[in-house]
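Shown next: target36.cif, containing mmCIF, C-alpha atoms.
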data_upload
#
loop_
_atom_site.label_atom_id
_atom_site.label_comp_id
_atom_site.auth_asym_id
_atom_site.auth_seq_id
_atom_site.Cartn_x
_atom_site.Cartn_y
_atom_site.Cartn_z
CA MET A 1193 46.92 -54.05 -42.87
CA SER A 1194 50.27 -55.27 -41.73
CA THR A 1195 52.57 -58.18 -42.31
CA PRO A 1196 54.14 -60.50 -39.71
CA LEU A 1197 57.84 -59.84 -39.61
CA GLY A 1198 59.28 -61.87 -36.76
CA HIS A 1199 61.62 -59.58 -34.89
CA VAL A 1200 62.34 -55.87 -35.08
CA SER A 1201 65.29 -54.54 -33.12
CA LEU A 1202 65.44 -50.97 -31.90
CA TRP A 1203 68.81 -49.23 -32.04
CA VAL A 1204 69.97 -45.93 -30.62
CA GLY A 1205 73.22 -45.31 -32.39
CA ASP A 1206 75.17 -48.53 -32.01
CA SER A 1207 73.31 -49.62 -28.88
CA LEU A 1208 70.56 -52.21 -29.03
CA VAL A 1209 67.82 -50.98 -26.69
CA GLY A 1210 65.24 -53.67 -27.25
CA THR A 1211 63.72 -56.23 -29.54
CA LEU A 1212 60.09 -56.45 -30.54
CA THR A 1213 58.90 -60.01 -31.08
CA GLN A 1214 55.92 -61.09 -33.16
CA ALA A 1215 56.49 -57.79 -34.88
CA ARG A 1216 54.33 -56.47 -37.65
CA LEU A 1217 55.35 -53.90 -40.20
CA GLY A 1218 52.47 -51.54 -40.87
CA ASP A 1219 51.95 -49.08 -43.66
CA LEU A 1220 54.60 -46.67 -44.77
CA SER A 1221 52.72 -43.47 -45.48
CA VAL A 1222 54.20 -40.71 -47.56
CA THR A 1223 52.14 -37.56 -47.79
CA SER A 1224 52.91 -34.23 -49.34
CA ASP A 1225 51.40 -30.79 -49.07
CA LEU A 1226 51.11 -30.56 -52.83
CA ILE A 1227 47.77 -28.94 -53.54
CA ALA A 1228 46.03 -28.53 -56.87
CA PHE A 1229 43.47 -25.82 -57.42
CA ARG A 1230 41.54 -23.95 -60.07
CA ALA A 1231 40.29 -20.39 -59.95
CA PRO A 1232 36.48 -19.94 -60.03
CA PHE A 1233 35.40 -19.90 -63.69
CA GLY A 1234 38.98 -20.61 -64.71
CA THR A 1235 40.10 -23.63 -66.65
CA LYS A 1236 43.75 -23.95 -65.77
CA TRP A 1237 45.05 -26.08 -62.93
CA HIS A 1238 47.64 -24.74 -60.58
CA HIS A 1239 49.83 -26.55 -58.12
CA ALA A 1240 51.60 -25.37 -55.03
CA GLU A 1241 53.91 -27.24 -52.75
CA LEU A 1242 56.02 -26.07 -49.87
CA ARG A 1243 57.85 -29.28 -49.10
CA GLN A 1244 57.29 -32.92 -48.46
CA VAL A 1245 55.97 -33.59 -45.01
CA PRO A 1246 57.53 -36.32 -42.89
CA THR A 1247 57.05 -39.94 -43.80
CA LEU A 1248 55.83 -42.31 -41.13
CA GLN A 1249 56.39 -46.04 -40.82
CA GLN A 1250 54.18 -47.95 -38.40
CA VAL A 1251 55.68 -50.86 -36.47
CA SER A 1252 54.20 -52.98 -33.73
CA GLY A 1253 55.61 -55.80 -31.67
CA ILE A 1254 55.74 -57.39 -28.27
CA VAL A 1255 58.29 -56.41 -25.67
CA SER A 1256 58.80 -58.20 -22.36
CA SER A 1257 57.51 -56.52 -19.23
CA ALA A 1258 61.07 -56.24 -17.90
CA ALA A 1259 62.22 -54.32 -20.95
CA LEU A 1260 59.12 -52.15 -21.34
CA ALA A 1261 60.45 -49.15 -19.44
CA ALA A 1262 63.76 -49.14 -21.30
CA VAL A 1263 62.06 -49.41 -24.69
CA GLN A 1264 59.61 -46.64 -23.83
CA SER A 1265 62.32 -44.26 -22.75
CA ALA A 1266 64.36 -45.00 -25.88
CA LEU A 1267 61.52 -44.71 -28.41
CA PRO A 1268 61.97 -40.96 -29.14
CA ASN A 1269 65.67 -41.50 -29.77
CA VAL A 1270 65.62 -44.65 -31.92
CA THR A 1271 67.88 -44.18 -34.94
CA ARG A 1272 67.53 -47.54 -36.68
CA LEU A 1273 65.03 -50.35 -36.96
CA GLY A 1274 66.61 -53.74 -37.51
CA MET A 1275 64.52 -55.95 -39.76
CA GLY A 1276 65.97 -59.17 -41.11
CA ALA A 1277 69.17 -58.35 -42.93
CA TRP A 1278 68.47 -54.63 -42.98
CA ARG A 1279 68.58 -51.62 -40.74
CA MET A 1280 66.15 -48.87 -41.62
CA PRO A 1281 67.32 -45.37 -40.60
CA VAL A 1282 64.64 -43.53 -38.62
CA GLN A 1283 64.45 -40.29 -36.71
CA GLY A 1284 62.71 -41.49 -33.59
CA ALA A 1285 59.15 -42.40 -32.81
CA ALA A 1286 56.49 -39.75 -33.23
CA GLY A 1287 52.86 -39.32 -32.40
CA PRO A 1288 50.67 -41.78 -30.54
CA VAL A 1289 52.18 -44.91 -29.01
CA THR A 1290 49.80 -47.65 -27.99
CA ILE A 1291 50.77 -50.16 -25.31
CA VAL A 1292 48.52 -53.14 -24.72
CA PRO A 1293 49.26 -55.86 -22.12
CA VAL A 1294 49.39 -59.35 -23.60
CA LEU A 1295 50.41 -62.72 -22.21
CA GLN A 1296 54.03 -62.39 -23.33
CA GLY A 1297 54.47 -58.82 -22.13
CA HIS A 1298 53.20 -55.70 -23.86
CA ARG A 1299 52.41 -55.04 -27.49
CA ILE A 1300 53.73 -51.65 -28.52
CA THR A 1301 52.47 -49.92 -31.65
CA ALA A 1302 54.42 -46.85 -32.69
CA GLN A 1303 55.20 -44.89 -35.79
CA PHE A 1304 58.65 -43.73 -36.71
CA VAL A 1305 59.73 -40.74 -38.75
CA ILE A 1306 61.49 -41.87 -41.92
CA ASP A 1307 63.88 -39.97 -44.11
CA LEU A 1308 63.09 -41.24 -47.59
CA ALA A 1309 66.48 -40.15 -48.88
CA ALA A 1310 68.32 -42.29 -46.33
CA ALA A 1311 69.20 -45.69 -47.77
CA TRP A 1312 68.63 -48.85 -45.80
CA GLU A 1313 71.82 -50.34 -44.44
CA ALA A 1314 72.81 -53.99 -44.56
CA ASP A 1315 73.03 -55.51 -41.09
CA PRO A 1316 76.76 -55.65 -40.23
CA MET B 685 52.62 -51.64 -68.76
CA ILE B 686 52.98 -48.26 -67.16
CA THR B 687 56.21 -46.30 -67.04
CA ILE B 688 56.81 -43.76 -64.30
CA GLU B 689 59.39 -41.21 -65.31
CA ALA B 690 61.59 -39.22 -62.95
CA PRO B 691 64.66 -37.12 -63.73
CA GLY B 692 67.33 -39.56 -64.82
CA ALA B 693 65.35 -42.72 -64.08
CA THR B 694 62.27 -44.64 -65.11
CA LEU B 695 60.24 -47.39 -63.51
CA THR B 696 58.08 -49.72 -65.57
CA VAL B 697 55.34 -51.55 -63.71
CA ARG B 698 52.30 -53.65 -64.43
CA ALA B 699 49.66 -51.73 -62.55
CA ALA B 700 46.73 -53.38 -60.86
CA ILE B 701 44.91 -50.08 -60.66
CA ASP B 702 45.24 -47.19 -63.07
CA ARG B 703 42.55 -44.68 -62.35
CA VAL B 704 41.86 -41.00 -62.86
CA ASP B 705 39.47 -39.31 -60.46
CA ARG B 706 37.94 -36.07 -61.65
CA THR B 707 35.30 -33.84 -60.15
CA ILE B 708 33.06 -31.15 -61.57
CA GLU B 709 32.61 -28.06 -59.46
CA ARG B 710 28.85 -28.28 -59.25
CA THR B 711 26.55 -29.31 -56.45
CA ALA B 712 22.81 -29.44 -56.30
CA GLU B 713 20.85 -28.64 -53.17
CA SER B 714 17.28 -27.92 -52.38
CA THR B 715 15.99 -25.12 -50.22
CA PRO B 716 13.56 -25.72 -47.34
CA ALA B 717 10.85 -24.53 -49.75
CA GLY B 718 11.78 -27.27 -52.19
CA GLU B 719 13.51 -25.12 -54.77
CA LEU B 720 16.44 -26.78 -56.52
CA VAL B 721 19.62 -24.71 -56.35
CA VAL B 722 22.66 -25.58 -58.44
CA LEU B 723 25.93 -24.20 -57.17
CA GLY B 724 29.37 -24.05 -58.74
CA ASP B 725 30.77 -22.94 -62.08
CA GLY B 726 30.69 -26.38 -63.68
CA GLY B 727 34.42 -26.43 -64.35
CA TRP B 728 36.65 -29.46 -64.04
CA ASN B 729 38.65 -29.46 -60.84
CA PRO B 730 42.23 -30.76 -60.75
CA ALA B 731 42.36 -34.49 -61.20
CA ARG B 732 44.04 -37.26 -59.26
CA LEU B 733 45.86 -40.14 -60.93
CA SER B 734 46.06 -43.30 -58.84
CA LEU B 735 48.30 -46.27 -59.49
CA SER B 736 48.66 -49.48 -57.57
CA PHE B 737 51.39 -51.98 -58.35
CA ARG B 738 53.66 -54.52 -56.73
CA VAL B 739 57.43 -54.55 -56.48
CA ALA B 740 59.31 -57.84 -56.14
CA SER B 741 62.72 -59.26 -56.87
CA THR B 742 63.58 -62.33 -58.89
CA THR B 743 66.78 -62.89 -56.93
CA VAL B 744 66.30 -61.65 -53.35
CA ALA B 745 63.37 -62.57 -51.15
CA ASP B 746 63.01 -59.25 -49.34
CA ALA B 747 63.26 -57.06 -52.49
CA VAL B 748 64.42 -54.14 -50.40
CA ALA B 749 66.72 -52.74 -53.08
CA GLU B 750 63.91 -52.79 -55.63
CA ARG B 751 61.56 -51.21 -53.10
CA ASN B 752 63.97 -48.39 -52.35
CA ALA B 753 64.63 -47.78 -56.04
CA ALA B 754 60.91 -47.68 -56.76
CA MET B 755 60.31 -45.29 -53.89
CA ALA B 756 63.01 -42.92 -55.13
CA ILE B 757 61.47 -42.76 -58.59
CA VAL B 758 57.86 -42.51 -57.46
CA THR B 759 58.50 -39.60 -55.12
CA LYS B 760 60.30 -37.63 -57.82
CA ALA B 761 58.02 -38.54 -60.72
CA THR B 762 57.45 -36.03 -63.48
CA ALA B 763 55.45 -38.08 -65.96
CA VAL B 764 53.43 -41.26 -66.27
CA HIS B 765 53.39 -43.12 -69.58
CA VAL B 766 50.48 -45.42 -70.31
CA GLY B 767 50.69 -46.94 -73.77
CA GLY B 768 51.19 -43.97 -76.06
CA ARG B 769 49.69 -41.50 -73.63
CA VAL B 770 51.86 -39.27 -71.47
CA THR B 771 50.46 -37.56 -68.41
CA TYR B 772 52.80 -35.01 -66.90
CA VAL B 773 52.48 -34.80 -63.14
CA ALA B 774 53.19 -31.97 -60.73
CA GLY B 775 54.24 -34.44 -58.09
CA VAL B 776 53.07 -37.13 -55.78
CA GLN B 777 50.33 -36.44 -53.28
CA ALA B 778 50.43 -39.66 -51.31
CA VAL B 779 52.23 -42.99 -51.30
CA THR B 780 51.42 -46.00 -49.19
CA VAL B 781 53.80 -48.97 -49.11
CA ARG B 782 52.80 -52.27 -47.58
CA LEU B 783 54.97 -55.32 -47.11
CA ARG B 784 53.22 -58.40 -48.47
CA GLY B 785 55.68 -61.10 -47.50
CA VAL B 786 58.03 -61.32 -50.49
CA TRP B 787 56.72 -58.30 -52.37
CA TRP B 788 55.76 -54.72 -51.70
CA GLU B 789 52.47 -53.15 -52.60
CA PHE B 790 52.63 -49.53 -53.71
CA SER B 791 49.58 -47.29 -53.84
CA VAL B 792 50.46 -43.95 -55.36
CA ALA B 793 48.40 -40.82 -56.03
CA PHE B 794 49.79 -38.26 -58.46
CA ALA B 795 48.59 -34.75 -59.23
CA PRO B 796 48.47 -34.45 -63.03
CA ARG B 797 49.55 -31.09 -64.42
CA ALA B 798 46.81 -31.32 -67.00
CA LEU B 799 44.64 -33.81 -68.80
CA THR B 800 43.87 -31.55 -71.75
CA ASP B 801 45.56 -28.53 -73.31
CA THR B 802 42.94 -26.20 -71.88
CA ASN B 803 43.65 -26.95 -68.25
CA GLU B 804 47.41 -26.89 -68.42
CA GLY B 805 48.55 -24.05 -66.22
CA THR B 806 51.54 -22.18 -67.57
CA GLY B 807 52.95 -21.40 -64.14
CA GLU B 808 55.86 -19.30 -65.39
CA PRO B 809 58.40 -18.67 -62.59
CA LEU B 810 58.57 -15.00 -61.63
CA THR B 811 62.11 -13.63 -61.72
CA HIS B 812 63.65 -10.25 -61.03
CA SER B 813 67.03 -9.56 -62.64
CA GLY B 814 67.35 -13.27 -63.24
CA VAL B 815 66.69 -14.15 -59.62
CA LEU B 816 63.70 -16.27 -58.63
CA VAL B 817 61.18 -14.22 -56.64
CA THR B 818 60.01 -16.04 -53.53
CA PHE B 819 57.48 -15.32 -50.84
CA GLY B 820 58.10 -17.04 -47.55
CA GLY B 821 60.44 -19.42 -49.34
CA VAL B 822 57.87 -20.32 -51.99
CA ALA B 823 58.67 -19.50 -55.61
CA LEU B 824 56.06 -17.23 -57.17
CA THR B 825 54.63 -18.10 -60.56
CA VAL B 826 52.46 -16.15 -62.92
CA GLU B 827 49.75 -17.29 -65.30
CA VAL B 828 50.39 -16.24 -68.89
CA HIS B 829 47.31 -15.70 -71.08
#
This structure in structure tokens:
Amino acid sequence: MSTPLGHVSLWVGDSLVGTLTQARLGDLSVTSDLIAFRAPFGTKWHHAELRQVPTLQQVSGIVSSAALAAVQSALPNVTRLGMGAWRMPVQGAAGPVTIVPVLQGHRITAQFVIDLAAAWEADP
Amino acid sequence: MITIEAPGATLTVRAAIDRVDRTIERTAESTPAGELVVLGDGGWNPARLSLSFRVASTTVADAVAERNAAMAIVTKATAVHVGGRVTYVAGVQAVTVRLRGVWWEFSVAFAPRALTDTNEGTGEPLTHSGVLVTFGGVALTVEVH
């Protein structure tokens, strides 16, 4: 499930590299490697955790055909997602990126690595 | 109302889903000859506590500040209070956040430390001369009987 968002701008540092239109904000998924286990014939529960694994935020939106190459090359280096009055700090796109041609250009679906401890910044 | 407690902060929500999933370590199979075979020791495996709730703001449409505050508490949660019942949790196993227009939907899965006294692991940290003993960066704990 995702929610229509309007526009999402992609920033590398202070440079705007592209804007996704008809953007949709997908799920933010936080997972951890916390495991819970019980010894055979035991009763007590034990937990082990190394560390929290990266959080991913899915975003999709349409980019014009002229800007497609620039957006693609910048995706691994995106540092902020601009959404409304906020900029969400990210650590680049990761994993599969889907690009589907549509009438207005190409719809890109990507997921970005999020640092949960990094606060969102108000759009200057 | 459900209160999620983290060090130095609490979050009180009205949960849409408050569920505990438990499993018993026992499976039943049948052999090709038709004999019923029951496997497993019949003990209760560690449970999973799931909560689903929404976060909104009464003053700001995007409710980002409330969302961020809720996320900070949920990911560091140590206990969940439901009525007079307290369930201590070892941590969060998964969180999914969805934007629903003017509110955010949180789906959270916690790993309870125990649901009864009998399955509460002691998990005493192992120290040597006052220093935490680690293995590959992971703190070792011992079970005290």
Practice problem: Would you translate the PyMOL selection byres ((chain A) within 7 of (chain B)) into the concrete set of residues it matches in this file, as a ChimeraX atom specification? | Solution: /A:1195,1218-1224,1226,1228-1230,1232-1233,1235-1239,1242
Self-check item: Point-to-point distance in Å for CA of Trp788 in chain B and CA of Arg738 in chain B
Solution: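 Computing it gives 5.5 Å between the two atoms.
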Where does the PyMOL selection byres ((chain A and resi 1293-1310) around 10) land in this file, that is, which residues does it pick, as a compact mmCIF listing (two decimals) with C-alpha atoms, in the frame of the given file?
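Contents of part38.txt, as written:
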# COMPACT_ATOMS: atom_id res chain seq x y z
CA LEU A 1212 60.09 -56.45 -30.54
CA THR A 1213 58.90 -60.01 -31.08
CA GLN A 1214 55.92 -61.09 -33.16
CA ALA A 1215 56.49 -57.79 -34.88
CA ARG A 1216 54.33 -56.47 -37.65
CA LEU A 1217 55.35 -53.90 -40.20
CA GLY A 1218 52.47 -51.54 -40.87
CA ASP A 1219 51.95 -49.08 -43.66
CA LEU A 1220 54.60 -46.67 -44.77
CA SER A 1221 52.72 -43.47 -45.48
CA VAL A 1222 54.20 -40.71 -47.56
CA PRO A 1246 57.53 -36.32 -42.89
CA THR A 1247 57.05 -39.94 -43.80
CA LEU A 1248 55.83 -42.31 -41.13
CA GLN A 1249 56.39 -46.04 -40.82
CA GLN A 1250 54.18 -47.95 -38.40
CA VAL A 1251 55.68 -50.86 -36.47
CA SER A 1252 54.20 -52.98 -33.73
CA GLY A 1253 55.61 -55.80 -31.67
CA ILE A 1254 55.74 -57.39 -28.27
CA VAL A 1255 58.29 -56.41 -25.67
CA SER A 1256 58.80 -58.20 -22.36
CA SER A 1257 57.51 -56.52 -19.23
CA ALA A 1258 61.07 -56.24 -17.90
CA ALA A 1259 62.22 -54.32 -20.95
CA LEU A 1260 59.12 -52.15 -21.34
CA VAL A 1263 62.06 -49.41 -24.69
CA GLN A 1264 59.61 -46.64 -23.83
CA LEU A 1267 61.52 -44.71 -28.41
CA PRO A 1268 61.97 -40.96 -29.14
CA VAL A 1270 65.62 -44.65 -31.92
CA THR A 1271 67.88 -44.18 -34.94
CA ARG A 1272 67.53 -47.54 -36.68
CA LEU A 1273 65.03 -50.35 -36.96
CA MET A 1280 66.15 -48.87 -41.62
CA PRO A 1281 67.32 -45.37 -40.60
CA VAL A 1282 64.64 -43.53 -38.62
CA GLN A 1283 64.45 -40.29 -36.71
CA GLY A 1284 62.71 -41.49 -33.59
CA ALA A 1285 59.15 -42.40 -32.81
CA ALA A 1286 56.49 -39.75 -33.23
CA GLY A 1287 52.86 -39.32 -32.40
CA PRO A 1288 50.67 -41.78 -30.54
CA VAL A 1289 52.18 -44.91 -29.01
CA THR A 1290 49.80 -47.65 -27.99
CA ILE A 1291 50.77 -50.16 -25.31
CA VAL A 1292 48.52 -53.14 -24.72
CA ALA A 1311 69.20 -45.69 -47.77
CA TRP A 1312 68.63 -48.85 -45.80
CA GLU A 1313 71.82 -50.34 -44.44
CA ASN B 752 63.97 -48.39 -52.35
CA MET B 755 60.31 -45.29 -53.89
CA ALA B 756 63.01 -42.92 -55.13
CA THR B 759 58.50 -39.60 -55.12
Centre, edges in Å (one decimal): axis-aligned box, range 1214-1222 of chain A, 5 Å padding on all six sides, as lines of an AutoDock Vina configuration file:
center_x = 54.2
center_y = -50.9
center_z = -40.4
size_x = 14.5
size_y = 30.4
size_z = 24.4
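Using all atoms listed in the file, the shortest contact distance between Val766 in chain B and any of B:Val722, B:Ile688, B:Ala745, B:Val817 is found at B:Ile688.
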Quiz item: How many Å separate CA of Val739 in chain B from CA of Val786 in chain B?
Solution: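 A separation of 9.1 Å between them.
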Self-check item: CA of Lys760 in chain B to CA of Arg1279 in chain A, straight-line distance in Å
Solution: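 Between CA of Arg1279 in chain A and CA of Lys760 in chain B the gap is 23.6 Å.
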Practice problem: Can you turn the PyMOL selection byres ((chain B and resi 690) around 10) into a concrete residue list for this file, as a PyMOL selection string? | Solution: chain B and resi 687-689+691-695+756-764
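Remark: for Glu1241 in chain A, the closest of the candidate residues A:Asp1225, A:Gly1276, A:His1199, A:Asp1315 is A:Asp1225 (distances computed over all atoms listed in the file).
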Got a minute to add N, CA and C atoms to range 1208-1225 of chain A and dump it as a PDB file, keeping the file's coordinate frame?
ATOM      1  N   LEU A1208      71.846 -51.526 -28.906  1.00  0.00           N
ATOM      2  CA  LEU A1208      70.560 -52.210 -29.030  1.00  0.00           C
ATOM      3  C   LEU A1208      69.758 -51.955 -27.754  1.00  0.00           C
ATOM      4  N   VAL A1209      68.588 -51.322 -27.895  1.00  0.00           N
ATOM      5  CA  VAL A1209      67.820 -50.980 -26.690  1.00  0.00           C
ATOM      6  C   VAL A1209      66.667 -51.944 -26.455  1.00  0.00           C
ATOM      7  N   GLY A1210      66.328 -52.729 -27.453  1.00  0.00           N
ATOM      8  CA  GLY A1210      65.240 -53.670 -27.250  1.00  0.00           C
ATOM      9  C   GLY A1210      64.880 -54.375 -28.533  1.00  0.00           C
ATOM     10  N   THR A1211      64.160 -55.471 -28.378  1.00  0.00           N
ATOM     11  CA  THR A1211      63.720 -56.230 -29.540  1.00  0.00           C
ATOM     12  C   THR A1211      62.221 -56.485 -29.425  1.00  0.00           C
ATOM     13  N   LEU A1212      61.523 -56.184 -30.488  1.00  0.00           N
ATOM     14  CA  LEU A1212      60.090 -56.450 -30.540  1.00  0.00           C
ATOM     15  C   LEU A1212      59.899 -57.820 -31.181  1.00  0.00           C
ATOM     16  N   THR A1213      59.176 -58.691 -30.508  1.00  0.00           N
ATOM     17  CA  THR A1213      58.900 -60.010 -31.080  1.00  0.00           C
ATOM     18  C   THR A1213      57.487 -60.010 -31.652  1.00  0.00           C
ATOM     19  N   GLN A1214      57.204 -61.021 -32.445  1.00  0.00           N
ATOM     20  CA  GLN A1214      55.920 -61.090 -33.160  1.00  0.00           C
ATOM     21  C   GLN A1214      55.597 -59.742 -33.785  1.00  0.00           C
ATOM     22  N   ALA A1215      56.622 -59.161 -34.370  1.00  0.00           N
ATOM     23  CA  ALA A1215      56.490 -57.790 -34.880  1.00  0.00           C
ATOM     24  C   ALA A1215      55.704 -57.771 -36.183  1.00  0.00           C
ATOM     25  N   ARG A1216      55.079 -56.659 -36.405  1.00  0.00           N
ATOM     26  CA  ARG A1216      54.330 -56.470 -37.650  1.00  0.00           C
ATOM     27  C   ARG A1216      54.731 -55.115 -38.227  1.00  0.00           C
ATOM     28  N   LEU A1217      54.998 -55.132 -39.511  1.00  0.00           N
ATOM     29  CA  LEU A1217      55.350 -53.900 -40.200  1.00  0.00           C
ATOM     30  C   LEU A1217      54.082 -53.324 -40.807  1.00  0.00           C
ATOM     31  N   GLY A1218      53.687 -52.165 -40.351  1.00  0.00           N
ATOM     32  CA  GLY A1218      52.470 -51.540 -40.870  1.00  0.00           C
ATOM     33  C   GLY A1218      52.741 -50.740 -42.121  1.00  0.00           C
ATOM     34  N   ASP A1219      51.824 -49.878 -42.444  1.00  0.00           N
ATOM     35  CA  ASP A1219      51.950 -49.080 -43.660  1.00  0.00           C
ATOM     36  C   ASP A1219      53.038 -48.037 -43.528  1.00  0.00           C
ATOM     37  N   LEU A1220      53.738 -47.836 -44.638  1.00  0.00           N
ATOM     38  CA  LEU A1220      54.600 -46.670 -44.770  1.00  0.00           C
ATOM     39  C   LEU A1220      53.783 -45.618 -45.499  1.00  0.00           C
ATOM     40  N   SER A1221      53.584 -44.486 -44.884  1.00  0.00           N
ATOM     41  CA  SER A1221      52.720 -43.470 -45.480  1.00  0.00           C
ATOM     42  C   SER A1221      53.529 -42.225 -45.819  1.00  0.00           C
ATOM     43  N   VAL A1222      53.562 -41.930 -47.090  1.00  0.00           N
ATOM     44  CA  VAL A1222      54.200 -40.710 -47.560  1.00  0.00           C
ATOM     45  C   VAL A1222      53.092 -39.745 -47.955  1.00  0.00           C
ATOM     46  N   THR A1223      53.110 -38.567 -47.376  1.00  0.00           N
ATOM     47  CA  THR A1223      52.140 -37.560 -47.790  1.00  0.00           C
ATOM     48  C   THR A1223      52.886 -36.299 -48.154  1.00  0.00           C
ATOM     49  N   SER A1224      52.284 -35.496 -48.986  1.00  0.00           N
ATOM     50  CA  SER A1224      52.910 -34.230 -49.340  1.00  0.00           C
ATOM     51  C   SER A1224      51.876 -33.134 -49.186  1.00  0.00           C
ATOM     52  N   ASP A1225      52.345 -31.908 -49.155  1.00  0.00           N
ATOM     53  CA  ASP A1225      51.400 -30.790 -49.070  1.00  0.00           C
ATOM     54  C   ASP A1225      51.167 -30.190 -50.454  1.00  0.00           C
TER      55      ASP A1225
END
